[in-house]
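Reading through the structure tokens given below for one structure.
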Amino acid sequence: MMDITENIRAVKGRIEQACERTGRDPDGITLVAVSKTFPAERIIEAAECGITDIGENRVQDAYDKYRVVSDRVRWHFIGHLQTNKVKKVLEFADLIHSVDSRHLAEEIDRRAQAIGKTAEVLVEVNTTGEESKFGVGPDEAVEFVKGLSDLRNIRITGLMTIGIFSYNPEDARECYVRLRGLRDELTECDLPNGEMKYLSMGMSNDFEVAIEEGANIIRVGTAIFGQR
Ligand SMILES: *Cc1c(COP(=O)(O)O)cnc(C)c1O
């Protein structure tokens, strides 16, 4: 049995140390606890230990857990999103991290408009160049985001990436530097339907590096809930 309380304390300690090294305020970093494959009971346990934000990567699983846990936490959708699942995701997600095509952005916009809301989204960038990964290419990212300016029922609040997976967390640094650079470029663009305030990057094994490079949303699964 994993001790979630102890794990969360350890993760918060790691966040504080990374912040100390770089002169950042830990309160400026949102810790998203990624509960994929774990049951709703674990989420409730995490919430009781002070977790406020939960990340899930499959729409149906997330929805089932949402129905148990409800709005006591904020819900982040972090997985690849198919257009036929958009309607459902909008029922519970507070932030969608994974917009990676115009087609998907249009569908989110259309469905959000239909229910009279504005959906908050991040654009996912494939900073590793691996074909197995989703996300828009770093070279296209700025034009891609600018091109979404006409969609009035989405609000683009930043960028997300999945760094290169390696036992050496330093290997992901390049990816995170790249994402920050794109964020800075886009900040200059002054988008009508967004503000580039979030960088969602860093997972269990490398979130310190991500924090050093400017992450303000980190997505941590294994280090909180244990091995999947
Ligand atoms: C699973 C997942 C995470 C968390 O990964 P850990 O290594 O378990 O911390 C973060 N981001 C995304 C997109 C994921 O799918």
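Chains: A, B, ... in order of the structure tokens. Residues: from 1 per chain. Ligands: from 1, in order shown.
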Protein and nucleic residues near ligand 1, 7 Å, only C-alpha atoms and all ligand atoms, as a PyMOL selection string: chain A and resi 34+36+57+78-79+162+203-205+219-223
Neighbour list for Val32 (chain A) as a ChimeraX atom specification, cut-off 6 Å, only C-alpha atoms, skip fewer than 3 positions in-chain: /A:53-55,218-219
Pull the closest atom pair for each residue of region 128-179 of chain A that gets at most 10 Å from region 88-106 of chain A, along with the distance in Å to one decimal, counting only C-alpha atoms, ordering rows by chain and then ascending residue number, as a Markdown table.
```
| residue | atom | partner | partner_atom | distance |
| --- | --- | --- | --- | --- |
| A:Phe134 | CA | A:Asp100 | CA | 7.2 |
| A:Gly135 | CA | A:Asp100 | CA | 4.9 |
| A:Val136 | CA | A:Asp100 | CA | 5.5 |
| A:Gly137 | CA | A:Asp100 | CA | 9.3 |
| A:Ala141 | CA | A:Asp100 | CA | 9.3 |
| A:Phe144 | CA | A:Arg102 | CA | 7.9 |
| A:Val145 | CA | A:Arg102 | CA | 9.2 |
| A:Gly147 | CA | A:Arg102 | CA | 8.3 |
| A:Leu148 | CA | A:Arg102 | CA | 7.3 |
| A:Asp150 | CA | A:Glu106 | CA | 9.7 |
| A:Leu151 | CA | A:Glu106 | CA | 7.1 |
| A:Arg152 | CA | A:Glu106 | CA | 9.9 |
| A:Asn153 | CA | A:Glu106 | CA | 9.2 |
| A:Ile154 | CA | A:Ala105 | CA | 7.8 |
| A:Arg155 | CA | A:Leu95 | CA | 9.9 |
| A:Ile156 | CA | A:Val99 | CA | 9.5 |
| A:Thr157 | CA | A:Leu95 | CA | 9.2 |
| A:Gly158 | CA | A:His97 | CA | 8.6 |
| A:Leu159 | CA | A:His97 | CA | 7.5 |
| A:Met160 | CA | A:His97 | CA | 6.1 |
| A:Thr161 | CA | A:Ser98 | CA | 8.7 |
```
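In terms of minimum interatomic distance to Phe207 (chain A), A:Glu16 ranks closest within A:Glu16, A:Glu120, A:Glu6, A:Glu140, counting only C-alpha atoms.
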Residue set, chain A restricted to helix (DSSP H, G or I), as a PyMOL selection string: chain A and resi 4-22+26-28+40-48+59-72+83-92+102-114+141-146+169-189+207-212+222-225
Selection: 12 Å around region 177-189 of chain A, only C-alpha atoms, excl. self and same-chain fewer than 5 positions, as a PyMOL selection string: chain A and resi 122-129+135-147+149+156-163+170-172+194-202+209-216
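Proximity to Asp206 (chain A) was assessed for A:Ile224, A:Leu81, A:Ile164, A:Ile43 counting only C-alpha atoms; the smallest distance is recorded for A:Ile164.
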Straight-line distance linking CA of Phe77 (chain A) with CA of Pro192 (chain A), stated in Å to one decimal: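 CA of Pro192 (chain A) lies at a distance of 23.6 Å from CA of Phe77 (chain A).
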One-decimal distance in Å that lies between CA of Ile15 (chain A) and CA of Ser35 (chain A): 18.9 Å
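The nearest approach to Ala46 (chain A) among the residues A:Ile217, A:Cys175, A:Ile8, A:Ala119, with only C-alpha atoms taken into account, belongs to A:Ile8.
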Point-to-point distance from CA of Glu56 (chain A) to CA of Thr22 (chain A), Å rounded to tenths: 29.1 Å
Selected residue, from A:Ile44, A:Ile29, A:Ile115, A:Val59, that lies nearest to Asp71 (chain A) when counting only C-alpha atoms: A:Ile44
Counting only C-alpha atoms, the option among A:Thr83, A:Ser70, A:Ser132, A:Asn168 closest to Thr52 (chain A): A:Ser70
